[in-house]
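Trainee: Sharing input21.txt below, compact mmCIF, C-alpha atoms:
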```
# COMPACT_ATOMS: atom_id res chain seq x y z
CA MET A 1 101.02 109.94 71.54
CA SER A 2 99.79 109.38 75.11
CA ALA A 3 102.14 110.04 77.99
CA THR A 4 103.09 107.13 80.21
CA ARG A 5 101.55 107.30 83.66
CA THR A 6 104.00 107.65 86.53
CA ALA A 7 102.74 107.09 90.06
CA GLN A 8 103.44 109.57 92.84
CA LEU A 9 105.90 108.16 95.36
CA MET A 10 104.72 108.04 98.97
CA ASP A 11 107.62 109.49 100.94
CA GLY A 12 107.84 107.41 104.10
CA THR A 13 111.22 108.84 105.00
CA GLY A 14 110.00 112.41 105.13
CA LEU A 15 106.80 111.62 107.01
CA ALA A 16 108.68 109.41 109.47
CA GLY A 17 111.07 112.26 110.15
CA ARG A 18 108.18 114.54 111.11
CA ILE A 19 106.66 111.88 113.38
CA VAL A 20 110.00 111.38 115.14
CA GLU A 21 110.38 115.14 115.60
CA GLU A 22 106.98 115.24 117.31
CA ALA A 23 107.93 112.26 119.48
CA ALA A 24 111.21 113.95 120.44
CA ALA A 25 109.36 117.10 121.51
CA LYS A 26 106.99 115.03 123.68
CA ALA A 27 109.92 113.09 125.12
CA ALA A 28 111.60 116.36 126.09
CA GLN A 29 108.40 117.54 127.76
CA ILE A 30 108.14 114.31 129.76
CA SER A 31 111.76 114.60 130.85
CA GLN A 32 111.26 118.23 131.88
CA HIS A 33 108.16 117.48 133.96
CA THR A 34 109.27 114.24 135.59
CA GLY A 35 113.06 114.09 135.40
CA THR A 36 112.62 110.77 133.60
CA SER A 37 113.12 110.14 129.90
CA PRO A 38 111.02 107.55 128.06
CA CYS A 39 112.81 104.19 127.97
CA LEU A 40 112.54 101.42 125.38
CA ALA A 41 113.93 98.01 126.27
CA THR A 42 115.08 95.92 123.30
CA VAL A 43 115.49 92.17 123.69
CA LEU A 44 117.50 90.11 121.21
CA VAL A 45 117.97 86.34 121.28
CA GLY A 46 121.11 85.17 119.48
CA GLU A 47 123.25 87.09 117.02
CA ASP A 48 121.40 86.96 113.72
CA PRO A 49 123.17 89.65 111.64
CA ALA A 50 120.00 91.23 110.29
CA SER A 51 118.40 91.35 113.74
CA VAL A 52 121.55 92.82 115.28
CA THR A 53 121.51 95.53 112.62
CA TYR A 54 117.82 96.30 113.13
CA VAL A 55 118.22 96.62 116.90
CA ARG A 56 121.28 98.84 116.52
CA MET A 57 119.37 101.09 114.12
CA LYS A 58 116.36 101.34 116.44
CA ARG A 59 118.57 102.22 119.41
CA ALA A 60 120.31 104.91 117.36
CA ARG A 61 116.94 106.40 116.40
CA CYS A 62 115.92 106.33 120.07
CA ALA A 63 118.99 108.33 121.03
CA LYS A 64 118.23 111.00 118.43
CA ALA A 65 114.67 111.30 119.73
CA GLY A 66 115.67 111.64 123.38
CA ILE A 67 114.45 108.15 124.23
CA ARG A 68 116.63 106.01 126.47
CA SER A 69 117.22 102.44 125.36
CA ARG A 70 118.13 99.42 127.41
CA HIS A 71 119.41 96.48 125.43
CA ILE A 72 119.21 92.91 126.67
CA ALA A 73 121.24 90.49 124.55
CA LEU A 74 120.43 86.85 125.29
CA PRO A 75 122.39 83.85 124.00
CA ALA A 76 121.01 81.76 121.17
CA THR A 77 120.57 78.90 123.65
CA THR A 78 118.00 80.87 125.65
CA THR A 79 114.85 78.83 126.31
CA THR A 80 111.29 80.05 125.97
CA ALA A 81 110.92 80.00 129.75
CA GLU A 82 114.06 82.10 130.23
CA LEU A 83 112.90 84.60 127.61
CA ILE A 84 109.49 84.84 129.26
CA ASP A 85 111.17 85.53 132.61
CA THR A 86 113.21 88.33 131.05
CA LEU A 87 110.17 89.94 129.44
CA ALA A 88 108.10 89.61 132.60
CA GLY A 89 110.87 91.30 134.56
CA LEU A 90 110.93 94.22 132.14
CA SER A 91 107.14 94.43 132.30
CA ASP A 92 107.42 94.86 136.08
CA ASP A 93 110.25 97.39 135.90
CA PRO A 94 108.86 100.94 136.36
CA ASP A 95 111.95 102.41 134.69
CA VAL A 96 111.05 100.71 131.39
CA HIS A 97 108.12 102.18 129.45
CA GLY A 98 108.16 100.12 126.26
CA ILE A 99 109.39 96.65 125.29
CA LEU A 100 110.51 95.40 121.89
CA LEU A 101 111.27 91.73 121.34
CA GLN A 102 113.24 91.49 118.12
CA HIS A 103 112.01 88.57 116.05
CA PRO A 104 112.46 85.96 114.74
CA CYS A 105 113.89 84.53 117.96
CA GLY A 106 114.86 81.13 116.60
CA PRO A 107 112.89 77.97 115.82
CA HIS A 108 113.18 76.64 119.38
CA ILE A 109 111.38 79.65 120.88
CA ASP A 110 107.60 79.82 121.26
CA GLU A 111 107.31 83.40 120.04
CA ARG A 112 103.62 83.73 120.79
CA ALA A 113 104.19 82.72 124.42
CA ALA A 114 107.07 85.20 124.59
CA PHE A 115 105.00 88.05 123.14
CA GLU A 116 102.24 87.39 125.66
CA ALA A 117 104.73 87.94 128.50
CA ILE A 118 104.89 91.62 127.54
CA ALA A 119 102.53 93.78 129.60
CA PRO A 120 99.93 95.37 127.28
CA HIS A 121 100.69 98.89 128.53
CA LYS A 122 104.32 98.39 127.44
CA ASP A 123 103.58 96.59 124.17
CA VAL A 124 104.74 99.46 121.97
CA ASP A 125 105.38 97.05 119.08
CA GLY A 126 101.73 95.94 119.13
CA VAL A 127 102.45 92.20 119.16
CA THR A 128 100.26 90.86 121.97
CA ALA A 129 96.80 89.36 121.60
CA HIS A 130 95.53 92.15 123.86
CA SER A 131 96.86 94.80 121.46
CA PHE A 132 95.37 93.04 118.44
CA ALA A 133 91.96 92.79 120.10
CA ALA A 134 92.01 96.42 121.23
CA MET A 135 92.98 97.55 117.75
CA SER A 136 90.29 95.39 116.12
CA PHE A 137 87.58 96.77 118.40
CA GLY A 138 88.80 100.36 118.21
CA LEU A 139 89.76 100.44 121.87
CA PRO A 140 92.75 102.26 123.42
CA GLY A 141 96.03 100.45 122.94
CA PHE A 142 99.05 100.16 120.69
CA VAL A 143 98.85 99.11 117.05
CA SER A 144 101.36 96.90 115.31
CA CYS A 145 104.02 99.31 114.10
CA THR A 146 104.15 98.51 110.39
CA PRO A 147 100.35 98.55 109.95
CA GLY A 148 100.21 101.73 112.01
CA GLY A 149 102.82 103.28 109.74
CA ILE A 150 100.89 102.23 106.65
CA MET A 151 97.72 103.89 107.93
CA ARG A 152 99.59 107.11 108.68
CA LEU A 153 100.96 107.11 105.14
CA LEU A 154 97.46 106.68 103.70
CA GLU A 155 96.22 109.55 105.88
CA ALA A 156 99.11 111.81 104.87
CA TYR A 157 98.29 111.32 101.19
CA ASP A 158 94.54 111.83 101.73
CA VAL A 159 93.55 108.36 100.57
CA ASP A 160 89.83 107.99 101.14
CA LEU A 161 89.23 104.35 102.03
CA THR A 162 85.45 104.49 102.39
CA GLY A 163 83.89 101.90 100.11
CA ARG A 164 87.21 101.07 98.46
CA ARG A 165 88.32 97.52 97.79
CA ALA A 166 91.55 96.65 99.56
CA ALA A 167 93.59 93.52 98.90
CA VAL A 168 95.99 92.54 101.69
CA VAL A 169 98.51 90.01 100.44
CA GLY A 170 99.89 88.33 103.55
CA ARG A 171 98.32 87.16 106.81
CA SER A 172 101.01 87.44 109.47
CA ALA A 173 99.90 88.25 113.00
CA ILE A 174 101.88 91.49 113.13
CA LEU A 175 101.36 92.80 109.59
CA GLY A 176 98.78 91.27 107.28
CA LYS A 177 96.03 90.54 109.79
CA PRO A 178 96.23 93.83 111.72
CA VAL A 179 96.50 96.06 108.66
CA GLY A 180 93.37 94.43 107.28
CA MET A 181 91.52 95.24 110.50
CA LEU A 182 92.72 98.85 110.40
CA LEU A 183 91.57 99.19 106.78
CA LEU A 184 88.21 97.68 107.72
CA ALA A 185 87.85 100.24 110.51
CA ARG A 186 88.22 102.96 107.84
CA ASN A 187 85.31 101.47 105.90
CA ALA A 188 87.32 99.68 103.23
CA THR A 189 86.12 96.32 101.92
CA VAL A 190 89.02 94.01 102.69
CA THR A 191 90.10 90.76 101.03
CA TYR A 192 92.87 88.79 102.71
CA CYS A 193 95.14 86.89 100.32
CA HIS A 194 97.90 84.40 101.07
CA SER A 195 99.98 81.55 99.66
CA ARG A 196 96.91 79.39 99.03
CA THR A 197 94.76 82.08 97.46
CA ALA A 198 93.44 80.98 94.09
CA ASP A 199 93.58 83.50 91.24
CA LEU A 200 95.55 86.10 93.19
CA PRO A 201 96.12 88.30 90.10
CA ASP A 202 92.35 88.53 89.54
CA ILE A 203 91.82 89.79 93.10
CA VAL A 204 94.63 92.33 92.79
CA ARG A 205 93.17 93.65 89.52
CA GLU A 206 89.96 94.59 91.33
CA ALA A 207 91.66 96.33 94.26
CA ASP A 208 91.73 100.08 94.74
CA VAL A 209 94.34 99.60 97.47
CA VAL A 210 96.96 96.83 97.48
CA VAL A 211 99.04 96.06 100.56
CA ALA A 212 101.81 93.59 99.72
CA ALA A 213 103.16 91.98 102.88
CA VAL A 214 104.09 88.42 102.06
CA GLY A 215 107.90 88.48 101.79
CA ARG A 216 108.21 87.22 98.22
CA PRO A 217 110.16 89.44 95.80
CA ARG A 218 108.10 90.95 92.97
CA LEU A 219 105.14 88.66 93.65
CA ILE A 220 102.70 91.38 92.61
CA ARG A 221 103.11 92.14 88.93
CA GLY A 222 102.67 95.64 87.65
CA GLU A 223 100.31 94.56 84.89
CA ASP A 224 97.91 93.27 87.55
CA ILE A 225 97.64 96.63 89.31
CA LYS A 226 94.35 98.40 88.67
CA PRO A 227 95.00 101.73 86.93
CA GLY A 228 94.91 104.47 89.54
CA ALA A 229 95.28 102.12 92.52
CA VAL A 230 97.25 102.87 95.69
CA VAL A 231 100.08 100.36 96.20
CA ILE A 232 101.69 99.84 99.60
CA ASP A 233 104.75 97.59 99.39
CA ALA A 234 105.56 96.35 102.90
CA GLY A 235 107.93 93.67 101.65
CA TYR A 236 111.69 93.88 101.97
CA ASN A 237 113.82 91.26 100.26
CA PRO A 238 117.55 90.96 99.54
CA GLY A 239 118.79 93.58 97.12
CA ASN A 240 116.30 96.26 98.24
CA VAL A 241 113.50 94.51 96.39
CA GLY A 242 109.91 94.66 97.54
CA ASP A 243 106.96 92.34 97.04
CA VAL A 244 105.75 94.45 94.10
CA ASP A 245 107.41 94.71 90.69
CA PHE A 246 108.02 98.39 91.21
CA ASP A 247 109.04 99.49 87.70
CA THR A 248 105.92 98.12 86.02
CA ALA A 249 103.58 99.10 88.87
CA LEU A 250 104.89 102.65 88.62
CA THR A 251 103.19 103.02 85.24
CA ARG A 252 99.74 102.00 86.53
CA ALA A 253 99.37 103.04 90.15
CA ARG A 254 98.35 106.51 91.36
CA LEU A 255 100.38 106.27 94.56
CA ILE A 256 103.11 103.78 95.45
CA THR A 257 105.64 103.30 98.23
CA PRO A 258 109.27 102.84 97.22
CA VAL A 259 111.52 100.14 98.70
CA PRO A 260 113.44 101.32 100.62
CA GLY A 261 112.12 104.68 101.82
CA GLY A 262 108.43 103.86 102.06
CA VAL A 263 107.01 101.63 104.76
CA GLY A 264 110.28 100.83 106.54
CA PRO A 265 111.00 104.25 108.07
CA MET A 266 107.38 104.51 109.16
CA THR A 267 107.65 101.33 111.21
CA ILE A 268 110.43 102.72 113.39
CA ALA A 269 108.74 106.12 113.65
CA VAL A 270 105.54 104.56 115.00
CA LEU A 271 107.59 102.47 117.45
CA LEU A 272 109.21 105.60 118.86
CA ALA A 273 105.96 107.56 118.96
CA GLN A 274 104.21 104.74 120.81
CA THR A 275 107.10 104.44 123.27
CA VAL A 276 106.73 108.11 124.15
CA ASP A 277 102.96 107.72 124.48
CA ALA A 278 103.47 104.71 126.74
CA ALA A 279 105.80 106.73 128.95
CA ALA A 280 103.31 109.59 129.10
CA ASN A 281 100.55 107.21 130.16
CA GLN A 282 102.67 105.53 132.81
CA LEU A 283 103.98 108.82 134.18
CA ALA A 284 100.57 110.53 134.02
CA ILE A 285 101.73 113.25 131.65
CA THR A 286 99.15 114.89 129.38
CA HIS A 287 100.47 116.26 126.10
CA PRO A 288 99.08 119.57 124.89
```
Mind converting the file's structure to structure tokens?
Mentor:
Amino acid sequence: MSATRTAQLMDGTGLAGRIVEEAAAKAAQISQHTGTSPCLATVLVGEDPASVTYVRMKRARCAKAGIRSRHIALPATTTTAELIDTLAGLSDDPDVHGILLQHPCGPHIDERAAFEAIAPHKDVDGVTAHSFAAMSFGLPGFVSCTPGGIMRLLEAYDVDLTGRRAAVVGRSAILGKPVGMLLLARNATVTYCHSRTADLPDIVREADVVVAAVGRPRLIRGEDIKPGAVVIDAGYNPGNVGDVDFDTALTRARLITPVPGGVGPMTIAVLLAQTVDAAANQLAITHP
């Protein structure tokens, strides 16, 4: 009898905790040297329950890390122009070091125009075109938080990406597209997949690394995972279900992220770390 393979779980919760501890130590150093604590401004349009919960959770994590948070709650009737004015004001405020616009903002808001109102040096969520370009060209700047968290997970588990085939399922501007560019920068051969990709299972079967980021529960079947592949499930659907059929993928993958407890905690950890780095840059503090 042959034993059934069981993939090693990639512990995002534990790694995120260590990243936040490092950020908290840096935040304390900044406060000691300048008398100013790093500040993250969160902007929320409307009262979508999930968005309200996410913002509350991020602010709570900020408090634990010694990062001040300023919350701006705007009514659901807020126009794009009004939202842009709010974000521009925060960009000009020297007391604010990072800005997070919680999205989605509602169908009446031009989110791209709103994102572009965030000053690049305060774009700690990595959502502006400037941040995407800097990341793509390997220039200084802030990465999109979820892709940044994914790359830190891969590094922590010593995943060598050189020459590996990576399939990114999803092409959003803040997840699929940037994570593909980050994988490419690590010498992976990247295939972008999406809702109109023909023969998606065939592409997944050839991939050494699969990043599922499309927002469709259990879209990636376990039987289509290449034996020994690394599976990053960045999806989160109702019922704590990811974009990968976890139970079947567990028997084929070498490494896999759980949902929850994988990519999610890493996203917030990178947000906090980048907020502290933004404060250090703006306050001219050099970390040891």
Trainee: Which polymer residues, whether protein, DNA or RNA, lie within 12 Å of the coordinate (115.4, 107.5, 119.8) when you count all atoms listed in the file? List them as an MDAnalysis selection string, using the chain letters and numbers from the file.
Mentor: chainID A and resid 17 19:28 37:41 55:70 268:276
Trainee: Store the residues picked out above, limited to C-alpha atoms, as a PDB file, in the frame of the given file.
Mentor:
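Final file, selection.pdb:
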```
ATOM      1  CA  GLY A  17     111.070 112.260 110.150  1.00  0.00           C
ATOM      2  CA  ILE A  19     106.660 111.880 113.380  1.00  0.00           C
ATOM      3  CA  VAL A  20     110.000 111.380 115.140  1.00  0.00           C
ATOM      4  CA  GLU A  21     110.380 115.140 115.600  1.00  0.00           C
ATOM      5  CA  GLU A  22     106.980 115.240 117.310  1.00  0.00           C
ATOM      6  CA  ALA A  23     107.930 112.260 119.480  1.00  0.00           C
ATOM      7  CA  ALA A  24     111.210 113.950 120.440  1.00  0.00           C
ATOM      8  CA  ALA A  25     109.360 117.100 121.510  1.00  0.00           C
ATOM      9  CA  LYS A  26     106.990 115.030 123.680  1.00  0.00           C
ATOM     10  CA  ALA A  27     109.920 113.090 125.120  1.00  0.00           C
ATOM     11  CA  ALA A  28     111.600 116.360 126.090  1.00  0.00           C
ATOM     12  CA  SER A  37     113.120 110.140 129.900  1.00  0.00           C
ATOM     13  CA  PRO A  38     111.020 107.550 128.060  1.00  0.00           C
ATOM     14  CA  CYS A  39     112.810 104.190 127.970  1.00  0.00           C
ATOM     15  CA  LEU A  40     112.540 101.420 125.380  1.00  0.00           C
ATOM     16  CA  ALA A  41     113.930  98.010 126.270  1.00  0.00           C
ATOM     17  CA  VAL A  55     118.220  96.620 116.900  1.00  0.00           C
ATOM     18  CA  ARG A  56     121.280  98.840 116.520  1.00  0.00           C
ATOM     19  CA  MET A  57     119.370 101.090 114.120  1.00  0.00           C
ATOM     20  CA  LYS A  58     116.360 101.340 116.440  1.00  0.00           C
ATOM     21  CA  ARG A  59     118.570 102.220 119.410  1.00  0.00           C
ATOM     22  CA  ALA A  60     120.310 104.910 117.360  1.00  0.00           C
ATOM     23  CA  ARG A  61     116.940 106.400 116.400  1.00  0.00           C
ATOM     24  CA  CYS A  62     115.920 106.330 120.070  1.00  0.00           C
ATOM     25  CA  ALA A  63     118.990 108.330 121.030  1.00  0.00           C
ATOM     26  CA  LYS A  64     118.230 111.000 118.430  1.00  0.00           C
ATOM     27  CA  ALA A  65     114.670 111.300 119.730  1.00  0.00           C
ATOM     28  CA  GLY A  66     115.670 111.640 123.380  1.00  0.00           C
ATOM     29  CA  ILE A  67     114.450 108.150 124.230  1.00  0.00           C
ATOM     30  CA  ARG A  68     116.630 106.010 126.470  1.00  0.00           C
ATOM     31  CA  SER A  69     117.220 102.440 125.360  1.00  0.00           C
ATOM     32  CA  ARG A  70     118.130  99.420 127.410  1.00  0.00           C
ATOM     33  CA  ILE A 268     110.430 102.720 113.390  1.00  0.00           C
ATOM     34  CA  ALA A 269     108.740 106.120 113.650  1.00  0.00           C
ATOM     35  CA  VAL A 270     105.540 104.560 115.000  1.00  0.00           C
ATOM     36  CA  LEU A 271     107.590 102.470 117.450  1.00  0.00           C
ATOM     37  CA  LEU A 272     109.210 105.600 118.860  1.00  0.00           C
ATOM     38  CA  ALA A 273     105.960 107.560 118.960  1.00  0.00           C
ATOM     39  CA  GLN A 274     104.210 104.740 120.810  1.00  0.00           C
ATOM     40  CA  THR A 275     107.100 104.440 123.270  1.00  0.00           C
ATOM     41  CA  VAL A 276     106.730 108.110 124.150  1.00  0.00           C
TER      42      VAL A 276
END
```
Trainee: Work out how far apart atom CA of Thr6 of chain A and atom CA of Asp245 of chain A are and give it in Å to one decimal.
Mentor: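 One can read the atom CA of Thr6 of chain A to atom CA of Asp245 of chain A distance as 14.0 Å.
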Trainee: Name the closest residue to Ala213 of chain A among the candidates A:Ile150, A:Val52, A:Leu161, A:Ala88; distances are taken between atoms, counting only C-alpha atoms.
Mentor: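 Smallest separation from Ala213 of chain A among the options: A:Ile150.
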Trainee: I'd like the contact shell of Pro238 of chain A - 12 Å cut-off, all atoms listed in the file, skipping same-chain residues fewer than 4 positions apart - returned as a list of chain:residue names.
Mentor: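 With the cut-off at 12 Å, the set is A:Ala50, A:Gly215, A:Arg216, A:Pro217, A:Arg218, A:Gly242, A:Asp243, A:Val259, A:Pro260.
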Trainee: For atom CA of Gly180 of chain A and atom CA of Pro107 of chain A, determine how far apart the two atoms are, in Å to one decimal place.
Mentor: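 Between atom CA of Gly180 of chain A and atom CA of Pro107 of chain A the gap works out to 26.9 Å.
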Trainee: Which residues, protein or nucleic acid, reach to within 10 Å of (109.0, 77.3, 128.3) in the file's coordinates when using all atoms listed in the file, and can you give that as a count of residues only?
Mentor: 12
Trainee: Excluding Leu175 of chain A and residues on its chain fewer than 5 positions from it, collect all residues at most 9 Å away from it, counting all atoms listed in the file, and give them as a list of chain:residue names.
Mentor: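 So the residues in contact are A:Ser144, A:Cys145, A:Thr146, A:Pro147, A:Gly170, A:Gly180, A:Ala213, A:Ala234.
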Trainee: Find, counting only C-alpha atoms, the residue in A:Leu154, A:Val43, A:Ala229, A:Ala279 that gets nearest to Ile99 of chain A.
Mentor: A:Val43
Trainee: Rank A:Ala129, A:Val159, A:Val45, A:Val124 by their smallest atom-to-atom distance to Gly106 of chain A, using only C-alpha atoms, and report the top residue only.
Mentor: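 Closest candidate: A:Val45.
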Trainee: Just to confirm, what's the straight-line distance from atom CA of Leu184 of chain A to atom CA of Thr251 of chain A in Å (one decimal)?
Mentor: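 These atoms are spaced 27.5 Å apart.
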Trainee: Using all atoms listed in the file, which of the listed residues (A:Arg205, A:Arg5, A:Arg152, A:Arg112) sits closest to Leu255 of chain A?
Mentor: A:Arg5
Trainee: Using only C-alpha atoms, which of A:Ser91, A:Thr34, A:Asn240, A:Thr86 sits nearest Ala284 of chain A?
Mentor: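 With only C-alpha atoms as the atom set, the closest residue is A:Thr34.
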Trainee: Between A:Ala207, A:Leu87, A:Ile174, A:Ala166, which has the minimum distance to Val190 of chain A (counting all atoms listed in the file)?
Mentor: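 Looking only at the distances to Val190 of chain A, the closest residue turns out to be A:Ala166.
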Trainee: Excluding Val210 of chain A and any residue of its chain fewer than 6 positions from it, enumerate the residues within 12 Å of it, using all atoms listed in the file, and give them as number ranges by chain.
Mentor: A: 150, 154, 161, 164-170, 176, 179-180, 183, 188-193, 200-201, 203-204, 220-222, 224-234, 243-244, 249, 253-257
Trainee: Give me a file of those residues, with C-alpha atoms, as a JSON list (two decimals), in the frame of the given file.
Mentor:
```json
[["chain", "number", "residue", "atom", "x", "y", "z"],
["A", 150, "ILE", "CA", 100.89, 102.23, 106.65],
["A", 154, "LEU", "CA", 97.46, 106.68, 103.70],
["A", 161, "LEU", "CA", 89.23, 104.35, 102.03],
["A", 164, "ARG", "CA", 87.21, 101.07, 98.46],
["A", 165, "ARG", "CA", 88.32, 97.52, 97.79],
["A", 166, "ALA", "CA", 91.55, 96.65, 99.56],
["A", 167, "ALA", "CA", 93.59, 93.52, 98.90],
["A", 168, "VAL", "CA", 95.99, 92.54, 101.69],
["A", 169, "VAL", "CA", 98.51, 90.01, 100.44],
["A", 170, "GLY", "CA", 99.89, 88.33, 103.55],
["A", 176, "GLY", "CA", 98.78, 91.27, 107.28],
["A", 179, "VAL", "CA", 96.50, 96.06, 108.66],
["A", 180, "GLY", "CA", 93.37, 94.43, 107.28],
["A", 183, "LEU", "CA", 91.57, 99.19, 106.78],
["A", 188, "ALA", "CA", 87.32, 99.68, 103.23],
["A", 189, "THR", "CA", 86.12, 96.32, 101.92],
["A", 190, "VAL", "CA", 89.02, 94.01, 102.69],
["A", 191, "THR", "CA", 90.10, 90.76, 101.03],
["A", 192, "TYR", "CA", 92.87, 88.79, 102.71],
["A", 193, "CYS", "CA", 95.14, 86.89, 100.32],
["A", 200, "LEU", "CA", 95.55, 86.10, 93.19],
["A", 201, "PRO", "CA", 96.12, 88.30, 90.10],
["A", 203, "ILE", "CA", 91.82, 89.79, 93.10],
["A", 204, "VAL", "CA", 94.63, 92.33, 92.79],
["A", 220, "ILE", "CA", 102.70, 91.38, 92.61],
["A", 221, "ARG", "CA", 103.11, 92.14, 88.93],
["A", 222, "GLY", "CA", 102.67, 95.64, 87.65],
["A", 224, "ASP", "CA", 97.91, 93.27, 87.55],
["A", 225, "ILE", "CA", 97.64, 96.63, 89.31],
["A", 226, "LYS", "CA", 94.35, 98.40, 88.67],
["A", 227, "PRO", "CA", 95.00, 101.73, 86.93],
["A", 228, "GLY", "CA", 94.91, 104.47, 89.54],
["A", 229, "ALA", "CA", 95.28, 102.12, 92.52],
["A", 230, "VAL", "CA", 97.25, 102.87, 95.69],
["A", 231, "VAL", "CA", 100.08, 100.36, 96.20],
["A", 232, "ILE", "CA", 101.69, 99.84, 99.60],
["A", 233, "ASP", "CA", 104.75, 97.59, 99.39],
["A", 234, "ALA", "CA", 105.56, 96.35, 102.90],
["A", 243, "ASP", "CA", 106.96, 92.34, 97.04],
["A", 244, "VAL", "CA", 105.75, 94.45, 94.10],
["A", 249, "ALA", "CA", 103.58, 99.10, 88.87],
["A", 253, "ALA", "CA", 99.37, 103.04, 90.15],
["A", 254, "ARG", "CA", 98.35, 106.51, 91.36],
["A", 255, "LEU", "CA", 100.38, 106.27, 94.56],
["A", 256, "ILE", "CA", 103.11, 103.78, 95.45],
["A", 257, "THR", "CA", 105.64, 103.30, 98.23]]
```
Trainee: Fewer than 4 positions away in the same chain doesn't count, so skip those; otherwise give me all residues within 12 Å of Ala134 of chain A, counting all atoms listed in the file, as a VMD selection string.
Mentor: chain A and resid 120 to 121 123 126 to 130 138 to 144 178 181 to 182
Trainee: Box time for segment 58-77 of chain A: axis-aligned, enclosing all its listed atoms, 8 Å extra on each side; report centre and edge lengths in Å to one decimal, as JSON.
Mentor:
```
{"center_x": 118.4, "center_y": 95.3, "center_z": 121.9, "size_x": 23.9, "size_y": 48.7, "size_z": 27.0}
```
